[in-house]
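The next block is run01.txt, given as compact mmCIF, C-alpha atoms.
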# COMPACT_ATOMS: atom_id res chain seq x y z
CA MET A 1 -29.71 15.57 -9.05
CA LYS A 2 -26.66 14.11 -7.39
CA LYS A 3 -24.74 16.20 -4.90
CA ALA A 4 -21.07 16.99 -4.45
CA ILE A 5 -19.01 18.74 -1.79
CA HIS A 6 -15.76 20.49 -2.64
CA TYR A 7 -12.70 21.11 -0.44
CA ILE A 8 -10.38 24.05 -1.13
CA ASN A 9 -7.76 25.97 0.86
CA GLN A 10 -7.80 29.50 2.19
CA PHE A 11 -5.93 30.87 -0.82
CA PHE A 12 -8.38 29.64 -3.42
CA ALA A 13 -11.27 30.74 -1.25
CA GLY A 14 -9.95 34.28 -1.57
CA ILE A 15 -9.32 34.62 2.14
CA GLY A 16 -5.59 35.21 1.83
CA GLY A 17 -2.14 33.75 1.32
CA GLU A 18 0.44 32.46 3.78
CA ASP A 19 -0.57 34.99 6.42
CA THR A 20 -3.99 33.36 6.70
CA ALA A 21 -2.83 29.75 6.37
CA ASP A 22 -3.90 29.12 9.98
CA TYR A 23 -7.53 29.67 8.96
CA LYS A 24 -9.81 27.25 10.79
CA PRO A 25 -12.15 24.98 8.83
CA GLU A 26 -15.35 26.54 7.58
CA ILE A 27 -18.22 25.25 5.47
CA ARG A 28 -20.19 27.50 3.17
CA GLU A 29 -23.35 26.75 1.29
CA GLY A 30 -22.86 27.08 -2.44
CA LEU A 31 -19.85 27.90 -4.52
CA VAL A 32 -16.53 29.52 -3.69
CA GLY A 33 -13.62 30.04 -6.11
CA PRO A 34 -12.76 26.81 -7.98
CA SER A 35 -16.05 25.19 -7.06
CA LEU A 36 -17.74 27.48 -9.62
CA ALA A 37 -15.75 25.76 -12.33
CA LEU A 38 -16.36 22.33 -10.81
CA ASN A 39 -20.11 22.95 -10.54
CA SER A 40 -20.32 24.03 -14.18
CA MET A 41 -18.68 20.83 -15.44
CA LEU A 42 -20.13 18.29 -13.04
CA ASP A 43 -23.39 16.39 -13.57
CA ALA A 44 -24.10 17.07 -9.94
CA GLU A 45 -24.74 20.12 -7.81
CA VAL A 46 -21.87 21.33 -5.64
CA THR A 47 -23.96 22.12 -2.58
CA HIS A 48 -21.21 23.14 -0.18
CA THR A 49 -17.60 24.27 -0.17
CA VAL A 50 -15.31 23.38 2.71
CA ILE A 51 -12.44 25.79 3.31
CA CYS A 52 -9.42 25.22 5.54
CA GLY A 53 -6.04 26.90 5.92
CA ASP A 54 -3.17 24.69 4.79
CA ASN A 55 -1.16 25.25 7.95
CA PHE A 56 -4.13 24.58 10.18
CA MET A 57 -4.63 21.25 8.43
CA GLY A 58 -0.91 20.53 8.58
CA SER A 59 -0.33 21.41 12.24
CA ASN A 60 -3.68 20.44 13.77
CA THR A 61 -4.56 17.58 11.49
CA ASP A 62 -6.72 15.59 13.91
CA GLU A 63 -8.67 18.66 14.98
CA ALA A 64 -9.14 19.88 11.40
CA VAL A 65 -10.33 16.47 10.19
CA GLU A 66 -12.70 16.14 13.13
CA ILE A 67 -14.24 19.57 12.53
CA ILE A 68 -14.70 18.93 8.83
CA LEU A 69 -16.16 15.44 9.29
CA GLY A 70 -18.53 17.11 11.78
CA PHE A 71 -19.60 19.59 9.09
CA LEU A 72 -20.37 16.74 6.72
CA GLU A 73 -22.27 14.50 9.09
CA ASP A 74 -25.72 15.93 8.31
CA LYS A 75 -25.06 16.61 4.62
CA GLU A 76 -26.08 14.41 1.74
CA PHE A 77 -23.45 14.00 -0.94
CA ASP A 78 -22.56 11.45 -3.60
CA ILE A 79 -18.99 12.47 -4.25
CA PHE A 80 -16.25 14.49 -2.56
CA VAL A 81 -13.71 16.48 -4.56
CA ALA A 82 -10.61 18.27 -3.23
CA GLY A 83 -8.32 20.73 -4.98
CA PRO A 84 -6.74 20.74 -7.53
CA ALA A 85 -3.60 21.35 -5.48
CA PHE A 86 -1.02 21.67 -8.29
CA GLN A 87 2.51 21.72 -6.85
CA ALA A 88 1.44 23.19 -3.50
CA GLY A 89 2.77 20.61 -1.08
CA ARG A 90 0.77 21.42 2.03
CA TYR A 91 -2.42 21.86 -0.01
CA GLY A 92 -1.82 18.50 -1.69
CA VAL A 93 -1.28 16.74 1.63
CA ALA A 94 -4.37 18.48 3.02
CA CYS A 95 -6.47 17.32 0.04
CA GLY A 96 -5.22 13.76 0.48
CA THR A 97 -5.75 13.80 4.24
CA ILE A 98 -9.33 15.01 4.09
CA CYS A 99 -10.25 12.80 1.11
CA LYS A 100 -8.97 9.73 2.94
CA ALA A 101 -10.90 10.63 6.09
CA VAL A 102 -14.11 11.35 4.16
CA LYS A 103 -13.82 8.10 2.21
CA GLU A 104 -13.30 6.10 5.39
CA LYS A 105 -16.13 7.72 7.29
CA PHE A 106 -18.81 8.19 4.63
CA ASN A 107 -17.75 5.62 2.04
CA VAL A 108 -18.27 7.96 -0.91
CA PRO A 109 -15.93 8.24 -3.90
CA VAL A 110 -13.23 10.88 -3.38
CA ILE A 111 -11.18 12.57 -6.08
CA THR A 112 -8.31 15.00 -5.99
CA SER A 113 -5.65 16.34 -8.35
CA MET A 114 -2.00 17.22 -7.84
CA ASN A 115 1.16 17.72 -9.81
CA VAL A 116 3.49 14.71 -9.91
CA GLU A 117 6.01 16.59 -7.76
CA ASN A 118 3.53 17.17 -4.96
CA PRO A 119 4.49 14.99 -1.93
CA GLY A 120 0.78 14.28 -1.50
CA VAL A 121 0.96 12.04 -4.58
CA GLU A 122 3.26 9.44 -3.01
CA MET A 123 1.42 9.66 0.28
CA PHE A 124 -2.10 9.17 -1.02
CA LYS A 125 -2.11 7.74 -4.55
CA LYS A 126 -2.81 4.24 -3.23
CA ASP A 127 -5.78 5.42 -1.18
CA MET A 128 -7.80 7.35 -3.76
CA TYR A 129 -8.00 8.74 -7.27
CA VAL A 130 -5.25 11.36 -7.45
CA PHE A 131 -5.31 12.89 -10.92
CA GLU A 132 -2.13 14.19 -12.46
CA GLY A 133 -2.49 17.96 -12.49
CA GLY A 134 -0.54 20.98 -13.68
CA LYS A 135 2.17 22.87 -11.84
CA SER A 136 0.21 26.01 -11.06
CA ALA A 137 -3.23 27.58 -10.94
CA ALA A 138 -2.92 28.45 -14.63
CA LYS A 139 -4.07 24.84 -15.16
CA LEU A 140 -7.06 25.18 -12.85
CA ARG A 141 -9.78 24.73 -15.46
CA ASP A 142 -7.97 21.87 -17.17
CA ASP A 143 -7.40 20.00 -13.92
CA VAL A 144 -10.96 20.53 -12.73
CA LYS A 145 -12.25 19.35 -16.11
CA VAL A 146 -10.34 16.05 -15.83
CA MET A 147 -11.68 15.43 -12.32
CA ALA A 148 -15.22 16.39 -13.34
CA ASN A 149 -15.23 14.09 -16.39
CA PHE A 150 -14.15 11.16 -14.26
CA ALA A 151 -16.56 12.06 -11.46
CA ASN A 152 -19.39 12.11 -14.02
CA LYS A 153 -18.55 8.54 -15.04
CA ILE A 154 -18.68 7.42 -11.44
CA LEU A 155 -21.91 9.29 -10.76
CA LYS A 156 -23.57 7.65 -13.79
CA GLY A 157 -22.21 4.26 -12.82
CA GLU A 158 -20.26 3.97 -16.06
CA GLU A 159 -17.21 1.77 -16.40
CA THR A 160 -13.97 3.60 -15.66
CA GLY A 161 -10.69 2.91 -17.43
CA SER A 162 -7.19 2.19 -16.19
CA ALA A 163 -5.00 4.72 -14.44
CA ASP A 164 -3.24 5.54 -17.72
CA GLU A 165 -6.45 5.93 -19.70
CA GLU A 166 -8.14 8.13 -17.11
CA GLY A 167 -5.11 10.11 -16.00
CA PHE A 168 -4.87 9.28 -12.31
CA PHE A 169 -1.77 7.92 -10.57
CA PRO A 170 -1.76 4.09 -10.45
CA ARG A 171 -3.19 2.87 -7.16
CA GLY A 172 -1.50 -0.53 -7.29
CA ILE A 173 -4.83 -2.25 -7.99
CA ARG A 174 -5.27 -4.82 -10.76
CA ALA A 175 -8.58 -4.85 -12.63
CA GLN A 176 -9.75 -7.48 -15.11
CA THR A 177 -11.22 -6.23 -18.38
CA TRP A 178 -12.35 -7.59 -21.72
CA LEU A 179 -10.32 -6.16 -24.56
CA GLU A 180 -12.21 -4.83 -27.56
CA SER A 181 -9.60 -6.40 -29.83
CA GLY A 182 -10.52 -9.83 -28.47
CA LYS A 183 -6.87 -10.85 -28.62
CA THR A 184 -5.87 -13.45 -26.06
CA ALA A 185 -2.94 -13.03 -23.68
CA ALA A 186 -1.03 -15.63 -25.69
CA GLU A 187 -1.42 -13.67 -28.92
CA ARG A 188 -0.45 -10.42 -27.26
CA GLY A 189 2.53 -12.05 -25.57
CA VAL A 190 3.83 -13.49 -28.84
CA GLU A 191 3.35 -10.15 -30.59
CA MET A 192 5.35 -8.44 -27.86
CA LEU A 193 8.07 -11.07 -28.04
CA ILE A 194 8.40 -10.65 -31.82
CA LYS A 195 8.65 -6.88 -31.36
CA LYS A 196 11.26 -7.36 -28.68
CA LEU A 197 13.32 -9.70 -30.88
CA ASN A 198 13.20 -7.08 -33.65
CA ASP A 199 14.18 -4.31 -31.25
CA ALA A 200 10.84 -2.65 -31.99
CA PRO A 201 9.09 -0.64 -29.27
CA TYR A 202 6.35 -2.38 -27.27
CA ILE A 203 4.44 -1.65 -24.12
CA THR A 204 4.38 -4.21 -21.33
CA GLU A 205 1.03 -5.02 -19.75
CA LEU A 206 2.64 -5.72 -16.42
CA PRO A 207 5.09 -3.01 -15.45
CA ILE A 208 7.31 -4.24 -12.62
CA PRO A 209 7.43 -1.62 -9.87
CA LYS A 210 10.85 -0.22 -9.04
CA GLN A 211 12.81 -2.34 -6.62
CA ASP A 212 12.54 -1.30 -3.05
CA ARG A 213 15.22 -2.77 -0.82
CA VAL A 214 14.87 -2.93 2.91
CA PRO A 215 17.93 -2.82 5.18
CA ILE A 216 18.68 -6.13 6.91
CA ALA A 217 17.32 -6.02 10.45
CA GLU A 218 19.61 -6.46 13.47
CA PRO A 219 20.02 -10.19 14.10
CA ILE A 220 18.70 -11.85 17.25
CA LYS A 221 21.47 -12.10 19.85
CA ASP A 222 20.07 -14.82 22.09
CA LEU A 223 17.65 -17.16 20.39
CA SER A 224 16.96 -19.00 23.66
CA LYS A 225 15.22 -15.90 25.02
CA ALA A 226 13.57 -14.83 21.76
CA ASN A 227 9.87 -14.69 20.95
CA ILE A 228 9.43 -16.05 17.41
CA ALA A 229 6.32 -15.71 15.27
CA MET A 230 5.25 -17.71 12.21
CA VAL A 231 3.65 -16.18 9.12
CA THR A 232 2.60 -17.90 5.89
CA THR A 233 1.26 -17.00 2.47
CA GLY A 234 0.29 -20.65 2.01
CA GLY A 235 -3.34 -20.20 3.04
CA ILE A 236 -3.34 -22.41 6.16
CA VAL A 237 -6.53 -21.65 8.10
CA PRO A 238 -8.99 -23.42 10.41
CA VAL A 239 -11.18 -25.63 8.23
CA ASP A 240 -14.14 -23.21 8.38
CA ASN A 241 -11.93 -20.32 7.20
CA PRO A 242 -13.42 -17.95 9.79
CA ASP A 243 -11.89 -14.79 8.27
CA ARG A 244 -13.12 -15.71 4.79
CA ILE A 245 -9.65 -15.24 3.30
CA GLN A 246 -9.87 -15.42 -0.47
CA SER A 247 -8.25 -18.38 -2.26
CA ALA A 248 -6.57 -16.01 -4.73
CA SER A 249 -5.94 -12.27 -4.91
CA ALA A 250 -6.34 -12.11 -1.16
CA THR A 251 -7.10 -8.88 0.62
CA ARG A 252 -7.63 -10.44 4.04
CA TRP A 253 -5.43 -12.25 6.54
CA GLY A 254 -6.09 -14.08 9.77
CA ARG A 255 -4.26 -15.07 12.92
CA TYR A 256 -4.94 -18.28 14.79
CA ASP A 257 -4.15 -19.28 18.34
CA ILE A 258 -1.76 -22.24 18.52
CA SER A 259 -0.61 -21.68 22.09
CA LYS A 260 -2.13 -24.98 23.22
CA ASP A 261 -1.41 -27.09 20.14
CA GLU A 262 1.64 -29.31 19.68
CA ARG A 263 1.09 -29.44 15.92
CA LEU A 264 -1.50 -28.50 13.31
CA GLU A 265 -3.85 -31.42 12.70
CA GLY A 266 -5.41 -32.23 9.33
CA GLY A 267 -9.19 -31.86 9.58
CA VAL A 268 -8.71 -28.96 12.00
CA TYR A 269 -6.60 -26.86 9.67
CA LYS A 270 -6.37 -26.92 5.88
CA THR A 271 -5.11 -24.75 3.04
CA ILE A 272 -7.45 -22.56 0.99
CA HIS A 273 -4.68 -21.55 -1.44
CA ALA A 274 -5.93 -21.96 -5.03
CA GLY A 275 -2.47 -22.02 -6.58
CA PHE A 276 -1.49 -25.64 -5.90
CA ASP A 277 -2.84 -29.11 -5.10
CA PRO A 278 -3.93 -28.88 -1.46
CA ALA A 279 -3.86 -32.64 -0.76
CA ALA A 280 -0.52 -32.78 1.06
CA ALA A 281 -1.15 -29.70 3.20
CA ASP A 282 -4.74 -30.71 4.00
CA ALA A 283 -3.47 -34.07 5.24
CA ASP A 284 -0.66 -32.49 7.27
CA PRO A 285 -0.79 -28.68 7.54
CA ASN A 286 2.66 -28.70 9.22
CA VAL A 287 4.27 -29.12 5.78
CA ILE A 288 3.38 -25.48 5.19
CA MET A 289 3.06 -24.12 8.72
CA PRO A 290 5.61 -26.15 10.73
CA ILE A 291 4.16 -25.64 14.19
CA ASP A 292 5.31 -29.15 15.22
CA ALA A 293 8.96 -28.34 14.56
CA MET A 294 8.66 -24.95 16.26
CA LYS A 295 7.10 -26.46 19.38
CA SER A 296 9.89 -29.00 19.49
CA TYR A 297 12.46 -26.19 19.41
CA VAL A 298 10.62 -24.44 22.25
CA LYS A 299 10.79 -27.63 24.36
CA GLU A 300 14.48 -28.05 23.64
CA GLY A 301 15.11 -24.45 24.69
CA LYS A 302 16.52 -23.41 21.33
CA ILE A 303 13.97 -20.58 21.24
CA GLY A 304 12.45 -18.79 24.21
CA LYS A 305 8.87 -18.70 23.02
CA LEU A 306 6.61 -19.29 20.05
CA HIS A 307 4.22 -16.35 19.63
CA ASP A 308 0.70 -17.51 20.51
CA TYR A 309 -0.71 -16.95 17.02
CA PHE A 310 0.36 -17.81 13.52
CA TYR A 311 -0.58 -15.45 10.71
CA SER A 312 -1.91 -16.54 7.36
CA THR A 313 -3.03 -15.25 4.01
CA VAL A 314 -2.94 -16.43 0.40
CA GLY A 315 -0.07 -15.28 -1.81
CA THR A 316 -1.36 -16.08 -5.30
CA GLY A 317 -2.54 -13.19 -7.47
CA THR A 318 -2.14 -10.90 -4.49
CA THR A 319 -0.87 -7.49 -5.54
CA GLN A 320 2.26 -6.05 -3.97
CA ALA A 321 0.21 -3.17 -2.68
CA GLU A 322 -2.21 -5.48 -0.85
CA ALA A 323 0.60 -7.68 0.43
CA ALA A 324 2.45 -4.67 1.79
CA ARG A 325 -0.68 -3.38 3.51
CA MET A 326 -1.39 -6.76 5.10
CA GLY A 327 2.26 -6.96 6.12
CA ARG A 328 2.02 -3.62 7.89
CA GLU A 329 -1.17 -4.68 9.68
CA ILE A 330 0.46 -7.91 10.85
CA VAL A 331 3.53 -5.99 12.06
CA GLU A 332 1.29 -4.01 14.42
CA LYS A 333 0.19 -7.26 16.08
CA LEU A 334 3.74 -8.61 16.23
CA LYS A 335 4.91 -5.46 17.95
CA GLU A 336 2.14 -5.67 20.54
CA ASP A 337 3.59 -9.00 21.68
CA ASN A 338 7.24 -7.88 21.36
CA VAL A 339 8.03 -10.50 18.75
CA ASP A 340 11.81 -10.69 18.20
CA GLY A 341 11.92 -12.57 14.93
CA VAL A 342 9.69 -14.03 12.23
CA ILE A 343 9.78 -17.08 10.00
CA MET A 344 7.64 -16.73 6.93
CA THR A 345 6.80 -19.77 4.84
CA SER A 346 5.71 -19.25 1.24
CA THR A 347 4.28 -21.61 -1.32
CA MET B 348 5.08 -8.91 3.52
CA VAL B 349 8.61 -9.97 4.43
CA LYS B 350 9.81 -6.51 3.60
CA GLU B 351 7.20 -4.79 5.72
CA ILE B 352 8.20 -6.99 8.67
CA GLU B 353 11.89 -6.24 8.17
CA ARG B 354 11.17 -2.56 7.58
CA ALA B 355 9.78 -2.53 11.11
CA GLY B 356 13.18 -3.74 12.35
CA ILE B 357 12.09 -7.31 13.08
CA PRO B 358 14.53 -9.90 11.62
CA VAL B 359 12.73 -12.26 9.27
CA VAL B 360 13.61 -15.38 7.29
CA GLN B 361 11.62 -16.44 4.28
CA MET B 362 11.30 -20.18 3.69
CA CYS B 363 10.27 -20.76 0.10
CA ASN B 364 10.76 -22.80 -3.02
CA LEU B 365 10.89 -19.99 -5.58
CA ILE B 366 14.24 -18.50 -4.58
CA PRO B 367 14.50 -16.17 -7.62
CA VAL B 368 11.14 -14.60 -6.76
CA ALA B 369 12.20 -14.05 -3.16
CA THR B 370 15.52 -12.52 -4.21
CA THR B 371 13.87 -10.29 -6.82
CA VAL B 372 11.22 -9.05 -4.45
CA GLY B 373 13.89 -8.35 -1.86
CA ALA B 374 13.82 -10.90 0.97
CA ASN B 375 17.17 -10.64 2.75
CA LYS B 376 17.38 -14.04 4.46
CA ILE B 377 16.08 -17.04 2.56
CA VAL B 378 15.97 -20.76 3.41
CA PRO B 379 14.96 -23.07 0.54
CA THR B 380 12.03 -25.48 0.79
CA ILE B 381 11.40 -28.55 -1.35
CA SER B 382 8.24 -27.67 -3.31
CA ILE B 383 5.26 -25.37 -3.59
CA PRO B 384 2.41 -27.64 -2.37
CA TYR B 385 4.49 -29.24 0.42
CA PRO B 386 7.39 -26.96 1.28
CA LEU B 387 8.47 -28.93 4.35
CA GLY B 388 7.61 -32.61 3.85
CA ASP B 389 7.16 -34.75 0.74
CA PRO B 390 4.07 -36.95 1.29
CA LEU B 391 5.65 -39.70 -0.81
CA THR B 392 8.36 -40.12 1.83
CA SER B 393 7.88 -41.57 5.32
CA LYS B 394 6.51 -39.47 8.18
CA GLU B 395 9.90 -39.79 9.83
CA ALA B 396 11.74 -38.51 6.77
CA GLN B 397 9.31 -35.59 6.49
CA TRP B 398 9.83 -34.71 10.13
CA LYS B 399 13.62 -34.85 9.82
CA LEU B 400 13.56 -32.55 6.81
CA ARG B 401 11.15 -30.11 8.41
CA TYR B 402 12.97 -30.08 11.74
CA HIS B 403 16.29 -29.48 10.00
CA ARG B 404 15.14 -26.68 7.69
CA VAL B 405 13.18 -24.83 10.37
CA GLY B 406 16.31 -25.06 12.53
CA VAL B 407 18.37 -23.51 9.73
CA ALA B 408 15.81 -20.71 9.50
CA LEU B 409 15.97 -20.09 13.26
CA ASP B 410 19.78 -19.93 13.16
CA ALA B 411 19.51 -17.56 10.19
CA LEU B 412 17.63 -15.11 12.41
CA THR B 413 20.82 -14.75 14.47
CA GLU B 414 23.21 -14.38 11.52
CA ASP B 415 24.71 -10.95 10.98
CA VAL B 416 24.69 -10.98 7.17
CA LYS B 417 25.61 -7.91 5.13
CA GLU B 418 23.82 -8.84 1.94
CA GLN B 419 20.94 -10.93 0.66
CA THR B 420 21.72 -14.53 1.65
CA VAL B 421 20.31 -17.92 0.71
CA PHE B 422 21.18 -20.28 3.56
CA LYS B 423 22.40 -23.82 2.90
CA VAL B 424 20.41 -26.85 4.00
CA LYS B 425 21.68 -30.41 4.43
CA ILE B 426 18.47 -32.41 4.14

Target format C-alpha cells, applied to this file:
Amino acid sequence: MKKAIHYINQFFAGIGGEDTADYKPEIREGLVGPSLALNSMLDAEVTHTVICGDNFMGSNTDEAVEIILGFLEDKEFDIFVAGPAFQAGRYGVACGTICKAVKEKFNVPVITSMNVENPGVEMFKKDMYVFEGGKSAAKLRDDVKVMANFANKILKGEETGSADEEGFFPRGIRAQTWLESGKTAAERGVEMLIKKLNDAPYITELPIPKQDRVPIAEPIKDLSKANIAMVTTGGIVPVDNPDRIQSASATRWGRYDISKDERLEGGVYKTIHAGFDPAAADADPNVIMPIDAMKSYVKEGKIGKLHDYFYSTVGTGTTQAEAARMGREIVEKLKEDNVDGVIMTST
Amino acid sequence: MVKEIERAGIPVVQMCNLIPVATTVGANKIVPTISIPYPLGDPLTSKEAQWKLRYHRVGVALDALTEDVKEQTVFKVKI
C-alpha cells in the first residue's frame, strides 16, 4: 500500500483558533481531523499528520520548514497533501510553503487546495497542483475528494488531464496530448474561425495570459562607465552545448565566458535553436550574439565594460512561465556583477 | 526574460526582428534587426557590410539604454 502524509493547521487539528496560532510544528502517527476524510478516499494510507500553527509558519517560516522537513526525513511516503485551506490566507500560504519545500527536498508529488481568493494561489500555483477549493470548511469533504481523486491517479500512474479538466489552477505548463476526436489543429482552427465569423461562441486552445507591463527602468547616465551584459534567446552556445540546453521548449540556460575573446568564432560557438536555419549563425555566431561589436565599443570607450559572460537559451516553444523563471535566475547573476544595462538579442 | 530583467530595475534593450511580438509581450526599448536566422548580418552581403550593420545597430541599442523614454519605444536605425 502506498503511503501519504497530510499537513493541517492548528485549527483543523482541534488544538485551537487564533490564540494557538503560534503552535510549533508537531507530527502525529495516524489521523487527525481532515486526514480521516483524506484517508477514507485515498488509495493510500495516511500514515502521519503534520500540524503547525499558521502564525508560527508565517513568522518563523525557515524554522518551521526545517523542523517539518526533519520530521519527514526518516518517513516513507509517496505523496504529500496539505489543507484544504479554503479562503484562510495564512493557512493557504503555509500549505504552499510546506508543499514547495517537501517537493524540492523529497521529490514527491504535492497537492493542496485553496479558494481562488486565497493569496497562496497566486504565490504557489506555478509550483504545484493547487486545486480550486471552496470558501469555507463547509466544503471540506468536497475539496478533499477532489484532491484524493487526483492523488489516486498519480499514485496509480494514470494519465492526468489539463488544469481545467482536473480542477487545479493552471501552472503555466504546456502538455502535448492526442485528442480522442482525432481532429487536426488545422481542422479545429478552421472550425473556430467559422464560429468566430458567425459570432458563435468558441473556446480558444491557447488563452493569452493577461498583459503584465513592467515600468521602464532608470536609464544609464554614463555609458562610458557602465557594465553591459549580453543575453540571447537565439541558442548560441559552445559547440558541445555543455549545459544541454534544449533546441525547443527550453527549460535551461547557460552563461559563457567571453572575457578573453574578441569575437565569437564559428566552430567554437554555434546555435542550437531549432526554429530557423542555423547556417548563417554557425558560420558567424556574432550575427546573433554580437560580441565583436561590443568589444569594439569597449575599446573605443563608449561603454565601460562588457560583463564577462553572455547568457543564452532557446526562445522557441518556450513557455512564458519558463522564460520568466530563467529571466529571474539570470538577473541574480547580473546583480552579482553589478551589471548596469542589458542588450538582449532575439531570433 | 526582458521583463524580468527590467523588473529588477536594470535597463534593457531588446534587439529583434518580430517587433509586434516584442511590443505585445511588453519590451519597453526595442531595436529592430534584419531577420530571424541572422539578426545582425546578412550572409549574402560582404563581411564589411555585415560588420557595418551590426556595429551600427548595436550602437543604437547602447544609446537606447541611456534614453529616458516614457513609453514603449522602437528605436530608429539607419543601416

Go ahead and compute the interatomic distance for CA of Thr319 in chain A and CA of Tyr385 in chain B, in Å to one decimal. 23.2 Å

Against chain A, which residues of chain B fall within 6 Å? For each one I want the closest pair of atoms and the distance in Å (one decimal), counting all atoms listed in the file, rows by chain and increasing residue number, as CSV.
residue,atom,partner,partner_atom,distance
B:Met348,CA,A:Gly327,CA,4.3
B:Glu351,CA,A:Gly327,CA,5.4
B:Ile352,CA,A:Val331,CA,5.9
B:Glu353,CA,A:Ala217,CA,5.9
B:Arg354,CA,A:Val214,CA,6.0
B:Gly356,CA,A:Ala217,CA,5.1
B:Ile357,CA,A:Gly341,CA,5.6
B:Pro358,CA,A:Ala217,CA,4.9
B:Val359,CA,A:Val342,CA,4.6
B:Val360,CA,A:Ile343,CA,5.0
B:Gln361,CA,A:Met344,CA,4.8
B:Met362,CA,A:Thr345,CA,4.7
B:Cys363,CA,A:Ser346,CA,4.9
B:Gly373,CA,A:Arg213,CA,5.8
B:Ile383,CA,A:Thr347,CA,4.5
B:Pro384,CA,A:Phe276,CA,5.6
B:Tyr385,CA,A:Val287,CA,5.4
B:Pro386,CA,A:Ile288,CA,5.8
B:Leu387,CA,A:Val287,CA,4.4
B:Gly388,CA,A:Val287,CA,5.2
B:Tyr402,CA,A:Ala293,CA,5.2
B:Leu412,CA,A:Pro219,CA,5.7
B:Thr413,CA,A:Ile220,CA,4.5
B:Glu414,CA,A:Pro219,CA,5.9
B:Asp415,CA,A:Pro219,CA,5.7

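If you look at CA of Arg188 in chain A and CA of Gln176 in chain A, they are 15.6 Å away from each other.
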
Box for range 13-24 of chain A: with edges along x, y and z, all listed atoms inside and 8 Å added on each side, what are the centre and edge lengths in Å to one decimal, as JSON?
{"center_x": -5.4, "center_y": 31.2, "center_z": 4.6, "size_x": 27.7, "size_y": 24.0, "size_z": 28.4}

Distance query Ala248 in chain A at most 7 Å, all atoms listed in the file, self and fewer than 6 positions along chain excluded, as an MDAnalysis selection string: chainID A and resid 273:274 314 316:318

Selection from above, C-alpha atoms, as an mmCIF file, in the coordinates of the input, can you write it?
data_model
loop_
_atom_site.group_PDB
_atom_site.id
_atom_site.type_symbol
_atom_site.label_atom_id
_atom_site.label_comp_id
_atom_site.auth_asym_id
_atom_site.auth_seq_id
_atom_site.Cartn_x
_atom_site.Cartn_y
_atom_site.Cartn_z
ATOM 1 C CA HIS A 273 -4.680 -21.550 -1.440
ATOM 2 C CA ALA A 274 -5.930 -21.960 -5.030
ATOM 3 C CA VAL A 314 -2.940 -16.430 0.400
ATOM 4 C CA THR A 316 -1.360 -16.080 -5.300
ATOM 5 C CA GLY A 317 -2.540 -13.190 -7.470
ATOM 6 C CA THR A 318 -2.140 -10.900 -4.490
#

List the spatial neighbours of Gln419 in chain B as a PDB file with C-alpha atoms, in the coordinates of the input - criterion: any atom at most 9 Å away, all atoms listed in the file, same-chain residues fewer than 4 positions off excluded.
ATOM      1  CA  ILE A 216      18.680  -6.130   6.910  1.00  0.00           C
TER       2      ILE A 216
ATOM      3  CA  THR B 370      15.520 -12.520  -4.210  1.00  0.00           C
ATOM      4  CA  GLY B 373      13.890  -8.350  -1.860  1.00  0.00           C
ATOM      5  CA  ALA B 374      13.820 -10.900   0.970  1.00  0.00           C
ATOM      6  CA  ASN B 375      17.170 -10.640   2.750  1.00  0.00           C
ATOM      7  CA  LYS B 376      17.380 -14.040   4.460  1.00  0.00           C
ATOM      8  CA  ILE B 377      16.080 -17.040   2.560  1.00  0.00           C
TER       9      ILE B 377
END

Between CA of Cys52 in chain A and CA of Gly70 in chain A, what distance in Å does the model show, to one decimal?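 Going from CA of Cys52 in chain A over to CA of Gly70 in chain A covers 13.7 Å.
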
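The protein and nucleic acid residues lying at most 9 Å from Gly134 in chain A are Pro84, Ala85, Phe86, Gln87, Ser113, Met114, Asn115, Val116, Ala137, Ala138, Lys139, Leu140, Asp142 and Asp143 of chain A, with all atoms listed in the file considered and sequence neighbours fewer than 3 positions away removed.
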